[in-house]
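Below: one structure, written as structure tokens.
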Amino acid sequence: MQIFPCPFCGPRDETEFHFAAEAGKHRPEPAPEVTDSAWADYLYGADAPKGRAQEVWVHLTCGEFLLLTRDTVTREVLDVAALPGSREAGT
Amino acid sequence: MSGWRHPTLGQIDRDRPLRFTFDGEAYTGYAGDTLASALLASGIRVLGRSFKYHRPRGLWGLGGEEPNALFDVGQGGISTPNCRATLTPLRDGMDLRAVNTRKASRDPLGLLDLAQRFLPAGFYYKTFMAGGWMRWEPMIRRMAGLGRLDPSNRPPGDVPQRNARCDLLVIGAGPAGLAAARAAAGQGATVWLLDEAGAPGGALRWRGGEIDGGPWREFADETVQRVQAAGGRVLTDTTLWGAFDHGLFAAWQRGARDTHWRIWAARVVLAAGAIERPLWFANNDLPGIISAEAALHHLVLYGAVAGRRVVVATGNDGSYPVASALAEAGCRVTLLDAREDTPEAPEGVEVRRGARIDAARGARGLGAVNAGGQHIDADTLLVSGGYTPSVHLHCQAGGKLDWDADRDALIPRPGTSALIPAGAANGTFGLNAALAEGHAAGGGTGPAPNAAGATWAIAPMRPDPKGKGRVWIDPQNDVTLKDVKLAAQEGYRSVEHLKRYTTLGMATDQGRSSNFAGLAAMSELTGHTIPETGTTTYRPPFTPVPLTSLGGMRRGGLFNPLKRLALEPQHAALGATFGEYGGWRRPAIYSDTQAEAKGARETLGLYDASPLGKIEVIGPGAAELLDFCGYVAMSTLKPGRARYGFMLGENGVVADDGVTLRLDDNRFILSASSSHVDHVRLILEEARQDRFDPSRVFVHDVTTHWVTLSVTGPQARMALETAGTPGDVTTLRHMQVVETRWKHIPLRAARVSFTGDASWELSVPARHAPGFMTVLDGAREALDGHWIGLEALMILRAEKGYILIGKDTDGITMPQDLGWSRPRERRQDEYFGRRALFTPEAMRKDRRQLVGLDCDGAPLPTGAHLVPLDGPARSLGFVTSSYHSPTLNRAVALALVDAGRDRKGDTLGVFHLGQHRTARICAPCAFDPEGTRLAD
């Protein structure tokens with residue numbers, strides 16, 4: 001059972017979190033200019049890196065999305081940050 | 001008969017005899033006995049039958065590694081399967097049954113053993129493929145297996161799940177563990193000290209010893225006091241069974257009632273000790289062949305002596321005290337040491353040097369031993385092939401192992417897991433060395449506790465692949481040396497393949513006493529070294545853990561607790577029968593579903609719509625957020641109006657539908673389906689935080705803050721007038737919404753309909769709901785209206801072709817498949833899921849579309865396949881909803897059908913479980929297609 005740090009609530013059990021997306025993946029748009037393969041790649045093409053990974057997760061209990069950097073092999077949590085533009089953590 | 005009870009030895013309470021039965025025969029043990037010691041002292045040798053060949057098997061070991069002595073234990077009318085005899089305390093009146101046989105002492109399936117030549121490893125895989133495994137499986141399951149599950153045994157779901165944190169967790173309370181706990185507690189650390197046995201001490205309990213010049217027991221008692229004084233805990237009868245991510249450890253504590261622990265520790269010391277290896281010779285599985293360590297354990301703790309004419313076969317110094325203790329207890333003891341250089345012979349023990357066992361003799365138990373051409377009569381053979389460190393938890397935590405030839409063991413590679421190994425778990429045998437290592441592991445400074453005595457000398461013992469006869473490697477799963485050879489021959493040389501091909505080490509003892517022999521044999525056969533051969537992966541649990549312990553209270557109604565309505569008591573008082581609908585416990589039926597549905601159409605229906613999602617979207621950015629997240633634009637909606645819409649996934653598939661209310665320019669309420677509220681909220685939140693300016697819009701789920709009662713039917717407006725609701729409510733038109741007050745109570749009214757009749761959804765703050773309900777119920781009574789349950793509501797909405805997402809849609813349904821293609825064709829702005837609506841798949845003409853079905857007779861079974869009447873039978877789709885409509889007096893049905901809209905008027909076959917019917921494709925809406933009843 002992993003312990004993830006929420007920038008707003010502190011360390012919490014992993015069952016309170018949900019994976020949202022791999023970080024840095026930009027939504028291709030506007031739709032008429034996006035090819036089928038580019039859209040398929042956006043929907044289904046996950047990098048799933050071995051080792052260091054940057055991911056967007058949501059802390060379900062407070063509803064805040066966060067940027068989690070973790071090692072997918074050792075399960076070590078390397079860094080956590082609120083999404084850019086969100087309210088200051090801890091306020 | 002070979003085992004007996006020593007008149008004085010043991011820590012049992014001889015004043016408290018306990019009666020028990022084994023396979024129907026009555027025996028007596030004493031308070032303090034385990035099942036194993038009571039049976040051993042009663043002289044019973046055959047305790048069970050082996051898994052595959054039904055060979056007689058007896059007691060082998062102690063603790064969690066016992067492979068043979070498993071029983072179904074009956075007590076108080078409850079039978080618990082597969083209790084390990086060495087870990088289960090004896091209680092008065094227990095009824096023990098051997099597993100995998102009717103009776104351990106007489107098992108007709110024992111004849112299978114004669115066919116052993118024809119039952120090699122992989123026999124089942126190779127043979128029973130003919131005609132399909134499913135045909136053979138029931139027969140094989142009856143012949144091979146473990147305990148019998150008693151269907152009437154429903155143990156209470158009362159195991160507490162407890163969480164703990166500590167500075168130091170010490171696994172194992174033997175000498176190394178005690179020293180570690182003592183050192184850390186002395187520095188003020190909170191220490192949790194756990195041991196699988198009923199008391200701390202580990203092997204000291206039967207081997208004895210002096211520590212710091214005093215008896216070990218004083219040292220142990222003092223350590224326990226220090227741990228407790230520093231705020232720590234000492235848990236006995238507690239198996240630490242799993243190491244998990246981020247320093248979580250799980251422990252199973254046994255007692256009158258079990259407890260399940262989740263422990264997070266800053267530091268962990270692994271002092272789990274070591275497990276004795278057997279020796280490998282022909283018939284080494286005969287009852288009467290016992291681990292030397294276990295024999296001493298049962299003698300000293302329970303006064304249970306393994307036999308009278310005892311041979312001890314060993315290659316290490318650790319067996320000498322065993323031989324000495326048995327000789328002292330009155331046994332005739334011969335010790336065969338594989339080494340030439342041995343310690344002095346203990347008093348009363350005949351030591352033969354350079355002697356190895358070739359074969360054991362006996363039919364249903366040991367009778368004699370062949371060693372170096374000599375025949376020795378014996379009723380008991382104690383063996384020791386060295387010790388295997390218990391490194392399971394280190395490996396579960398990601399640790400690696402190193403081969404240490406001096407210690408003849410695989411030991412934890414330093415720094416590869418967060419656990420600090422100490423003592424025998426680290427291959428450090430001998431009391432003084434274990435104390436020193438434990439002391440250091442616990443962070444001790446200054447001199448370590450010390451004890452006399454040298455480290456044991458251990459000669460490596462290995463299975464001999466050229467040996468004759470049947471040599472058992474894994475007794476619990478009946479794997480022999482021959483099977484390992486066969487696996488090597490057939491190319492299953494990796495230990496992971498060996499394990500899966502032969503089932504070596506896959507039994508409930510998890511190969512505690514067999515894995516090492518398996519890998520040693522494979523290394524000899526392949527000419528590889530032991531580190532090259534490697535080990536299989538260690539996974540939790542270390543010991544089988546009862547599901548009751550893991551599940552705790554989470555069963556029955558607490559397994560997945562339902563959400564409850566604020567007005568549940570009032571509905572119950574009205575006679576409602578409840579059912580589960582999307583995670584909510586809601587009224588299913590009040591009196592009669594057909595009458596309720598008919599009454600709602602003719603006069604008036606009332607239902608509790610509180611679970612309907614109410615997600616407030618507030619702020620100057622609200623309209624923009626809803627436009628992006630929804631398929632139907634909401635920015636063009638006027639305040640005071642409502643609009644039906646969909647929410648899609650990015651893959652274009654419909655995730656939810658519902659009505660959005662605009663209360664003012666910057667305030668919306670999104671009515672998500674009751675079971676999709678959390679999902680819809682997350683879609684909105686993700687877009688809000690990851691795409692828009694989160695300070696301009698807020699999303700707030702207020703579903704449970706409000707109670708919503710729906711009033712529907714031709715008399716609905718009359719009912720509201722009778723109830724005295726304000727005029728701005730009664731004059732509302734279809735798809736209008738108003739916020740007002742009713743007797744100073746905030747009231748929100750929306751003219752939206754899930755029935756096809758004029759309907760008002762009336763929401764009041766939950767605390768005012770009972771009074772509000774009483775007033776509405778009075779109006780209902782005056783107008784002869786009906787409370788309608790969810791079942792009647794399902795009929796009403798199906799008559800109208802109103803869908804439920806997830807029931808009338810599936811994982812590929814897009815909005816155009818439901819007839820909602822306008823936004824897809826018209827919208828120019830970006831919205832969630834937009835691009836996916838234009839893929840080649842989304843553009844196909846033969847997509848599966850929502851249609852209605854017209855049929856004679858009873859409603860169609862949900863899930864029934866629709867098939868062409870001519871040509872090859874293939875499924876064109878399926879029925880999603882079907883009910884008998886009391887208003888139309890016929891069945892109505894909805895279905896998803898390939899190119900369904902083009903087939904309007906066609907007749908298709910309906911196939912379900914071998915039954916054929918026909919149905920005609922029609923529009924989804926079967927009642928009031930012009931919508932005149934809504935216009936009122």
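Letters for chains follow the order of the structure tokens (A, B, ...), residue numbers begin at 1 for each chain, and ligand numbers begin at 1 in the order shown.
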Got a sec to tell me which of segment 24-253 of chain B DSSP assigns to strand (DSSP E), as JSON, numbers by chain?
{"B": [25, 26, 27, 28, 29, 30, 31, 48, 49, 56, 57, 70, 71, 72, 73, 74, 75, 78, 79, 80, 81, 82, 83, 84, 94, 95, 96, 97, 98, 161, 162, 163, 164, 165, 166, 167, 168, 169, 170, 171, 191, 192, 193, 194, 210, 211, 214, 215, 233, 234, 235, 238, 239, 240, 241, 242, 243, 244, 248, 249, 250, 251, 252, 253]}
Where does DSSP see helix (DSSP H, G or I) in segment 13-90 of chain A, if you list the residues as a PyMOL selection string?
chain A and resi 14-16+31-33+36-44
Need to verify the contact set: segment 638-640 of chain B, 7 Å, only C-alpha atoms, exclusion of same-chain residues closer than 6 positions in sequence. Can you return it as a list in words?
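Within the cut-off, the hits are Arg662, Leu663, Asp664, Asp665, Gln736, Val737 and Val738 of chain B.
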Pull C-alpha atoms from the residues just selected and write them as a PDB file, in the first residue's frame.
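So selection27.pdb came out as:
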ATOM      1  CA  ARG B 662     -29.361  27.447 -15.431  1.00  0.00           C
ATOM      2  CA  LEU B 663     -30.315  29.378 -12.317  1.00  0.00           C
ATOM      3  CA  ASP B 664     -28.584  32.588 -13.338  1.00  0.00           C
ATOM      4  CA  ASP B 665     -25.782  33.684 -15.655  1.00  0.00           C
ATOM      5  CA  GLN B 736     -38.357  25.748 -16.748  1.00  0.00           C
ATOM      6  CA  VAL B 737     -36.781  26.072 -13.322  1.00  0.00           C
ATOM      7  CA  VAL B 738     -37.356  28.427 -10.412  1.00  0.00           C
TER       8      VAL B 738
END
Only residues of chain B matter here; which ones have an atom within 8 Å of chain A, counting only C-alpha atoms? Give them as a ChimeraX atom specification.
/B:244-246,248,650-651,682,685-686,689-690,693-695,830,834-836,839
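Of note, atom CA of Pro544 of chain B and atom CA of Val99 of chain B are spaced 15.9 Å apart.
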Near-Val867 of chain B list (12 Å; only C-alpha atoms; drop same-chain fewer than 4 positions) as number ranges by chain
B: 871-879, 897-898, 906-912, 916-920
Residue selection dump (N, CA, C and O atoms) as an mmCIF file, in the first residue's frame:
data_model
loop_
_atom_site.group_PDB
_atom_site.id
_atom_site.type_symbol
_atom_site.label_atom_id
_atom_site.label_comp_id
_atom_site.auth_asym_id
_atom_site.auth_seq_id
_atom_site.Cartn_x
_atom_site.Cartn_y
_atom_site.Cartn_z
ATOM 1 N N GLY B 871 -30.975 -16.468 -43.562
ATOM 2 C CA GLY B 871 -29.527 -16.390 -43.710
ATOM 3 C C GLY B 871 -28.821 -16.837 -42.452
ATOM 4 O O GLY B 871 -29.449 -17.317 -41.513
ATOM 5 N N PRO B 872 -27.509 -16.693 -42.475
ATOM 6 C CA PRO B 872 -26.720 -17.186 -41.343
ATOM 7 C C PRO B 872 -27.091 -16.456 -40.057
ATOM 8 O O PRO B 872 -27.290 -15.238 -40.078
ATOM 9 N N ALA B 873 -27.218 -17.224 -38.973
ATOM 10 C CA ALA B 873 -27.571 -16.630 -37.690
ATOM 11 C C ALA B 873 -26.377 -15.884 -37.135
ATOM 12 O O ALA B 873 -25.315 -16.450 -36.949
ATOM 13 N N ARG B 874 -26.530 -14.601 -36.940
ATOM 14 C CA ARG B 874 -25.500 -13.834 -36.238
ATOM 15 C C ARG B 874 -26.213 -12.750 -35.452
ATOM 16 O O ARG B 874 -27.323 -12.332 -35.782
ATOM 17 N N SER B 875 -25.601 -12.299 -34.389
ATOM 18 C CA SER B 875 -26.252 -11.322 -33.529
ATOM 19 C C SER B 875 -26.173 -9.950 -34.167
ATOM 20 O O SER B 875 -25.111 -9.473 -34.547
ATOM 21 N N LEU B 876 -27.311 -9.308 -34.304
ATOM 22 C CA LEU B 876 -27.364 -7.940 -34.824
ATOM 23 C C LEU B 876 -27.462 -6.930 -33.693
ATOM 24 O O LEU B 876 -27.464 -5.730 -33.925
ATOM 25 N N GLY B 877 -27.576 -7.429 -32.474
ATOM 26 C CA GLY B 877 -27.737 -6.527 -31.345
ATOM 27 C C GLY B 877 -28.461 -7.243 -30.227
ATOM 28 O O GLY B 877 -28.573 -8.469 -30.241
ATOM 29 N N PHE B 878 -28.960 -6.470 -29.267
ATOM 30 C CA PHE B 878 -29.582 -7.127 -28.112
ATOM 31 C C PHE B 878 -30.617 -6.216 -27.458
ATOM 32 O O PHE B 878 -30.612 -4.999 -27.644
ATOM 33 N N VAL B 879 -31.509 -6.852 -26.719
ATOM 34 C CA VAL B 879 -32.555 -6.140 -25.981
ATOM 35 C C VAL B 879 -31.916 -5.506 -24.750
ATOM 36 O O VAL B 879 -31.180 -6.162 -24.015
ATOM 37 N N VAL B 897 -29.307 -2.112 -32.032
ATOM 38 C CA VAL B 897 -29.281 -2.975 -33.221
ATOM 39 C C VAL B 897 -28.385 -2.349 -34.289
ATOM 40 O O VAL B 897 -28.421 -1.122 -34.488
ATOM 41 N N ASP B 898 -27.577 -3.176 -34.962
ATOM 42 C CA ASP B 898 -26.733 -2.695 -36.058
ATOM 43 C C ASP B 898 -27.607 -2.016 -37.118
ATOM 44 O O ASP B 898 -28.574 -2.613 -37.599
ATOM 45 N N ASP B 906 -38.783 -3.653 -39.984
ATOM 46 C CA ASP B 906 -38.325 -5.036 -40.217
ATOM 47 C C ASP B 906 -38.671 -5.925 -39.023
ATOM 48 O O ASP B 906 -38.732 -5.459 -37.888
ATOM 49 N N THR B 907 -38.839 -7.186 -39.312
ATOM 50 C CA THR B 907 -39.035 -8.154 -38.236
ATOM 51 C C THR B 907 -37.744 -8.954 -38.044
ATOM 52 O O THR B 907 -37.149 -9.415 -39.013
ATOM 53 N N LEU B 908 -37.312 -9.073 -36.807
ATOM 54 C CA LEU B 908 -36.097 -9.825 -36.488
ATOM 55 C C LEU B 908 -36.433 -10.957 -35.526
ATOM 56 O O LEU B 908 -37.463 -10.914 -34.842
ATOM 57 N N GLY B 909 -35.568 -11.953 -35.504
ATOM 58 C CA GLY B 909 -35.715 -13.013 -34.519
ATOM 59 C C GLY B 909 -35.143 -12.548 -33.192
ATOM 60 O O GLY B 909 -34.210 -11.753 -33.131
ATOM 61 N N VAL B 910 -35.732 -13.037 -32.106
ATOM 62 C CA VAL B 910 -35.210 -12.755 -30.762
ATOM 63 C C VAL B 910 -34.807 -14.097 -30.172
ATOM 64 O O VAL B 910 -35.649 -14.982 -30.009
ATOM 65 N N PHE B 911 -33.523 -14.248 -29.903
ATOM 66 C CA PHE B 911 -33.017 -15.542 -29.449
ATOM 67 C C PHE B 911 -32.513 -15.423 -28.020
ATOM 68 O O PHE B 911 -31.734 -14.535 -27.701
ATOM 69 N N HIS B 912 -33.014 -16.310 -27.159
ATOM 70 C CA HIS B 912 -32.558 -16.258 -25.773
ATOM 71 C C HIS B 912 -32.603 -17.661 -25.163
ATOM 72 O O HIS B 912 -33.658 -18.272 -25.092
ATOM 73 N N HIS B 916 -36.860 -19.030 -29.308
ATOM 74 C CA HIS B 916 -36.977 -18.082 -30.422
ATOM 75 C C HIS B 916 -38.306 -17.349 -30.368
ATOM 76 O O HIS B 916 -39.341 -17.966 -30.132
ATOM 77 N N ARG B 917 -38.260 -16.019 -30.578
ATOM 78 C CA ARG B 917 -39.481 -15.227 -30.770
ATOM 79 C C ARG B 917 -39.196 -14.253 -31.905
ATOM 80 O O ARG B 917 -38.098 -14.229 -32.448
ATOM 81 N N THR B 918 -40.174 -13.431 -32.229
ATOM 82 C CA THR B 918 -39.906 -12.399 -33.229
ATOM 83 C C THR B 918 -40.339 -11.051 -32.669
ATOM 84 O O THR B 918 -41.157 -10.970 -31.750
ATOM 85 N N ALA B 919 -39.753 -9.985 -33.233
ATOM 86 C CA ALA B 919 -40.121 -8.630 -32.822
ATOM 87 C C ALA B 919 -39.899 -7.713 -34.013
ATOM 88 O O ALA B 919 -39.072 -7.993 -34.880
ATOM 89 N N ARG B 920 -40.677 -6.627 -34.032
ATOM 90 C CA ARG B 920 -40.590 -5.685 -35.140
ATOM 91 C C ARG B 920 -39.900 -4.417 -34.649
ATOM 92 O O ARG B 920 -40.184 -3.911 -33.558
#
Report as a ChimeraX atom specification all protein, DNA and RNA residues lying within 7 Å of Ala98 of chain B, evaluated on only C-alpha atoms, omitting residues in the same chain fewer than 2 positions from it.
/B:23,47-48,70-72,96,100-101,103-104
Distance query Leu286 of chain B at most 7 Å, only C-alpha atoms, self and fewer than 2 positions along chain excluded, as a count of residues only:
7
Please report the interatomic distance between atom CA of Arg848 of chain B and atom CA of Ile812 of chain B in Å with one decimal.
8.5 Å
Find the residues near segment 433-444 of chain B: any atom within 6 Å, counting only C-alpha atoms, skip ones fewer than 2 places away on the same chain, and give them as a list in words.
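Surrounding residues, per the criterion: Pro175, Ala176, Gly177, Ala179, Ala180, Ala183, Ala184, Ala422, Gly423, Gly430, Leu431 and Ala448 of chain B.
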What is the distance, in Å and to one decimal place, between atom CA of Arg364 of chain B and atom CA of Asp377 of chain B?
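Interatomic distance here is 15.1 Å.
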